[in-house]
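Visitor: Okay, here's the structure, questions in a sec.
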There are 2 protein chains.
Amino acid sequence: MKINENYKNLEESYLFSTIAKKVDEYTKAHPEAKVIKMGIGDVTLPICQKAADAFAKAAMEQGKAATFHGYGPEQGYDFLRVAVQKYYASFQVEVAAEDIFISDGAKSDVGNILDLFDADNTVLIPDPVYPVYMDTNVMAGRKIVFMDANVENGFLPMPPKGQKADIIYLCSPNNPTGGVYNREQLKEWVDYANEQDAILLFDAAYESFVADSALPRSIFEIEGAKTCAIEFCSLSKLASFTGTRCGYTVVPSELERGGSSIRKMWLRRQTTKFNGVSYPVQRAAEAALSPEGMAQCREHLDVYRTNAKIMTETLKELGIWHIGGENSPYIWMQCPNGMKSWEFFDDLLAKANVVGTPGSGFGKNGEGFFRLTAFGTTANTKEAMERIKKVYGK
Amino acid sequence: MKINENYKNLEESYLFSTIAKKVDEYTKAHPEAKVIKMGIGDVTLPICQKAADAFAKAAMEQGKAATFHGYGPEQGYDFLRVAVQKYYASFQVEVAAEDIFISDGAKSDVGNILDLFDADNTVLIPDPVYPVYMDTNVMAGRKIVFMDANVENGFLPMPPKGQKADIIYLCSPNNPTGGVYNREQLKEWVDYANEQDAILLFDAAYESFVADSALPRSIFEIEGAKTCAIEFCSLSKLASFTGTRCGYTVVPSELERGGSSIRKMWLRRQTTKFNGVSYPVQRAAEAALSPEGMAQCREHLDVYRTNAKIMTETLKELGIWHIGGENSPYIWMQCPNGMKSWEFFDDLLAKANVVGTPGSGFGKNGEGFFRLTAFGTTANTKEAMERIKKVYGK
């Protein structure tokens, strides 16, 4: 019996556990401090009422023989695939319903899609990065090449000249940096992928934060993407589905590699290793994507947008370099006074009682940077920014 | 870009599509025929009221900020892991709550667990078999050795002398045969696995049908199992969760291979490639496993048991060799009059207007056999058996 030895090459991430420990120690030593947490990547507002009602109704349907739903289609019910198709159409992106796969979340699909590719492929990943892209490939023993994201390229690295890549990860709006590629930049990436015969894994989990219509929300807004890209998306941030669990992946029928349709391979993978998403969850997702549901979701998104605006305005006022926040729930800031990431973490906690995420936890290029999130309440966000102004203003 | 070429070695299964096509053709030609379907492996009775109520309540909680649940623990909420632990304790099996992993269903975990093992392992699979065991290993390019299940061994093959195996699949009560291993037989398997340093993947999806307390419902009833076995189970059949999606996998802390804790590897896999099961689904599962919920579930299970009894009594009366049905929702019968599986399928459809599943669809040893399921209504089951008596009685 041979285990998958690649697991031994995984690095344990102590990022969030170290943060929790430090915060815990601080609050024990200073029980009077009102600590504001701006490190979490989870939403705080509920799913919209329209979705909750549909969810509860379908749950009750499961309790009556006449309305009970057993095994559903592994790819998702037609009603939801059509709702997702219409959602794409709402920002002028045409996607075939048969190319949409409903899942229990983008994280599952981002990990599981790698089943379709040989271990002997070179993977191109930005640094700093969402750790899942790296870890899932370490698990399979693939060769990983990092591309530097930094102040010079606005934390939006472009195709590296002369570097061969087979699998490319892009996340836009980006986690952790909040950077958003524009159309011209993504066109370069699509051309690069098509030229190399590579597959571009595009994580669009934060697309609902894109407010500027000049910026793309889907890789499929870019000509040529359907022959090279797979898009992962989710209702987690759009509709507060982080605990309800529903996402979707688009694998275009046009995408072929090694003489095989990648869509057909994914369908075969899903029908073999997955049994579809809970019927009531799919009904909740359908309701969230309805016009009424979307109007309710937008109210929640606007709260986070307001928070992000308060944060970016504060940083501008203080003259602190930052990106994100305008089309993203994440704000990526340079640590003030040349501090390193963890140094600033400690300083911010001690002096302002505010918690964020050290950028160095996302890769070497994150050193000296810091991530704040807009998912708190507006009152807390305002207070946190006032404190930051007091401490880091001149 | 190299795709996973192993996918090209997968055989397309036309079993259920061929059945659907034949039934469709027959009903078109004979619109007056009242066809009774006994081929489906899906439940027909709803989830219990207790579970539906808890499900709907938790769905509404997701719509209020005060009760909203965002990201939950990837391994499942404590409340459900403890409920599963108590469920095991109800038939005297001791399992640590930390070894229980909540999933969206046994099929996902049965497929995904293979991430932990090297491609260079020999896999031992019974024939006939649930196709997922085979296909998931074909996808990874593992060497598969089949063990013959047949009339001689009661379709319950025992450890093959002299055959080295690294990964062993057992399903008891079995799909498709309905055969159930006794304690002595499972002890032999556990000893064999421990001697070989193999891992036994035990699929207990049908454990809730075991009525005979002398028969094991869990591999962990067997001494030594915790150092060699992983158990997959589900609320699908126990509590009609086929469309609601919730299962659990037990990876004992005692299980180590290659110097690694398999439980820790699985935890790492799940935290990297999975984001937990929908909170309301977990609340529904907790309610189904409560004493009141279980009492309601048992009423539903009793309907299927009654159906199975009607079926086995008919087959006995007709002197047709069969197994299953007593501690399983599946009945595996020899085709009457020496017919081959598909021959009997056509004959049964034409003469009795009853649909079942040809055994040959589950492997070469299934040829000449046929699977019937007890998941229909009692009225339909009775009528189907009356028709079978008329056609195949002497």
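Each chain in the structure tokens gets a letter, A, B and so on, in the order shown; residues start at 1 in every chain, and ligands are counted from 1 in the order they appear.
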Write out as JSON lines the residues of chain A that have any atom within 6 Å of an atom of chain B, one row each with the nearest atom pair and its distance in Å to one decimal, counting only C-alpha atoms, sorted by chain and then rising number.
Guide:
```
{"residue": "A:Met1", "atom": "CA", "partner": "B:Asp166", "partner_atom": "CA", "distance": 4.7}
{"residue": "A:Lys2", "atom": "CA", "partner": "B:Asp118", "partner_atom": "CA", "distance": 5.4}
{"residue": "A:Ile3", "atom": "CA", "partner": "B:Phe117", "partner_atom": "CA", "distance": 4.2}
{"residue": "A:Asn4", "atom": "CA", "partner": "B:Asp118", "partner_atom": "CA", "distance": 4.5}
{"residue": "A:Leu45", "atom": "CA", "partner": "B:Ala65", "partner_atom": "CA", "distance": 5.5}
{"residue": "A:Pro46", "atom": "CA", "partner": "B:Ala65", "partner_atom": "CA", "distance": 5.0}
{"residue": "A:Ile47", "atom": "CA", "partner": "B:Gly63", "partner_atom": "CA", "distance": 4.9}
{"residue": "A:Cys48", "atom": "CA", "partner": "B:Gly63", "partner_atom": "CA", "distance": 5.8}
{"residue": "A:Gln49", "atom": "CA", "partner": "B:Gly63", "partner_atom": "CA", "distance": 5.5}
{"residue": "A:Ala52", "atom": "CA", "partner": "B:Gly63", "partner_atom": "CA", "distance": 5.2}
{"residue": "A:Phe55", "atom": "CA", "partner": "B:Ala59", "partner_atom": "CA", "distance": 5.7}
{"residue": "A:Ala56", "atom": "CA", "partner": "B:Ala56", "partner_atom": "CA", "distance": 4.1}
{"residue": "A:Ala59", "atom": "CA", "partner": "B:Ala56", "partner_atom": "CA", "distance": 5.2}
{"residue": "A:Met60", "atom": "CA", "partner": "B:Ala52", "partner_atom": "CA", "distance": 5.3}
{"residue": "A:Gln62", "atom": "CA", "partner": "B:Pro46", "partner_atom": "CA", "distance": 5.8}
{"residue": "A:Gly63", "atom": "CA", "partner": "B:Ile47", "partner_atom": "CA", "distance": 4.9}
{"residue": "A:Lys64", "atom": "CA", "partner": "B:Pro46", "partner_atom": "CA", "distance": 5.4}
{"residue": "A:Ala65", "atom": "CA", "partner": "B:Pro46", "partner_atom": "CA", "distance": 5.0}
{"residue": "A:Phe68", "atom": "CA", "partner": "B:Pro46", "partner_atom": "CA", "distance": 5.5}
{"residue": "A:His69", "atom": "CA", "partner": "B:Gly243", "partner_atom": "CA", "distance": 5.5}
{"residue": "A:Gly70", "atom": "CA", "partner": "B:Gly243", "partner_atom": "CA", "distance": 4.1}
{"residue": "A:Tyr71", "atom": "CA", "partner": "B:Gly243", "partner_atom": "CA", "distance": 4.6}
{"residue": "A:Lys107", "atom": "CA", "partner": "B:Lys273", "partner_atom": "CA", "distance": 5.8}
{"residue": "A:Ser108", "atom": "CA", "partner": "B:Phe274", "partner_atom": "CA", "distance": 4.9}
{"residue": "A:Gly111", "atom": "CA", "partner": "B:Lys273", "partner_atom": "CA", "distance": 5.0}
{"residue": "A:Leu116", "atom": "CA", "partner": "B:Asn4", "partner_atom": "CA", "distance": 5.1}
{"residue": "A:Phe117", "atom": "CA", "partner": "B:Ile3", "partner_atom": "CA", "distance": 4.2}
{"residue": "A:Asp118", "atom": "CA", "partner": "B:Asn4", "partner_atom": "CA", "distance": 4.5}
{"residue": "A:Val132", "atom": "CA", "partner": "B:Thr272", "partner_atom": "CA", "distance": 5.9}
{"residue": "A:Asp166", "atom": "CA", "partner": "B:Met1", "partner_atom": "CA", "distance": 4.7}
{"residue": "A:Ala198", "atom": "CA", "partner": "B:Met1", "partner_atom": "CA", "distance": 5.7}
{"residue": "A:Thr242", "atom": "CA", "partner": "B:Gly70", "partner_atom": "CA", "distance": 4.9}
{"residue": "A:Gly243", "atom": "CA", "partner": "B:Gly70", "partner_atom": "CA", "distance": 4.1}
{"residue": "A:Thr244", "atom": "CA", "partner": "B:Ser278", "partner_atom": "CA", "distance": 4.5}
{"residue": "A:Arg245", "atom": "CA", "partner": "B:Ser278", "partner_atom": "CA", "distance": 5.4}
{"residue": "A:Thr272", "atom": "CA", "partner": "B:Val132", "partner_atom": "CA", "distance": 5.9}
{"residue": "A:Lys273", "atom": "CA", "partner": "B:Ser108", "partner_atom": "CA", "distance": 4.9}
{"residue": "A:Phe274", "atom": "CA", "partner": "B:Ser108", "partner_atom": "CA", "distance": 4.9}
{"residue": "A:Ser278", "atom": "CA", "partner": "B:Thr244", "partner_atom": "CA", "distance": 4.5}
{"residue": "A:Tyr279", "atom": "CA", "partner": "B:Gly243", "partner_atom": "CA", "distance": 5.8}
```
Visitor: List every residue of region 63-285 of chain A that DSSP, applied to the backbone of this structure, places in alpha helix (DSSP H), and write the result as a ChimeraX atom specification.
Guide: /A:78-90,106-112,131-140,183-196,262-273,279-285
Visitor: Write out as a PDB file with C-alpha atoms, in the first residue's frame each polymer residue whose atoms come within 6 Å of region 173-184 of chain A, counting only C-alpha atoms; drop sequence neighbours fewer than 6 positions from it.
Guide:
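Contents of the output file part-v6.pdb:
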```pdb
ATOM      1  CA  TYR A 206     -15.775  37.800  -6.646  1.00  0.00           C
ATOM      2  CA  LEU A 215     -14.044  45.676 -16.316  1.00  0.00           C
ATOM      3  CA  GLY A 324      -8.750  46.754  -4.411  1.00  0.00           C
ATOM      4  CA  SER A 328     -13.632  43.889  -4.806  1.00  0.00           C
ATOM      5  CA  TYR A 330     -10.621  43.010  -0.465  1.00  0.00           C
ATOM      6  CA  ILE A 331      -8.241  45.873   0.125  1.00  0.00           C
ATOM      7  CA  TRP A 332      -4.548  45.197  -0.253  1.00  0.00           C
TER       8      TRP A 332
END
```
Visitor: Residues at most 6 Å from region 302-318 of chain B, counting only C-alpha atoms, excluding those fewer than 4 positions away in the same chain, as a PyMOL selection string?
Guide: chain B and resi 298+325+374-375+378+393
Visitor: Kindly give the distance, in Å, that separates CA of Glu152 (chain B) and CA of Lys340 (chain B), rounded to a single decimal.
Guide: 18.4 Å
Visitor: To one decimal place in Å, what is the distance between CA of Ala97 (chain B) and CA of Asp24 (chain A)?
Guide: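 Going from CA of Ala97 (chain B) over to CA of Asp24 (chain A), I get 25.8 Å.
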Visitor: Can you list every residue in region 22-127 of chain B that DSSP puts in strand (DSSP E), as a PyMOL selection string?
Guide: chain B and resi 36-37+100-103+122-127
Visitor: Figure out the distance between CA of Gln163 (chain A) and CA of Arg263 (chain A), please, to one decimal in Å.
Guide: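 According to the coordinates, CA of Arg263 (chain A) and CA of Gln163 (chain A) are separated by 26.9 Å.
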Visitor: Ranking A:Leu372, A:Val355, A:Ile36, A:Ala193 by minimum distance to Ala229 (chain A) and counting only C-alpha atoms, which one comes first?
Guide: A:Ala193
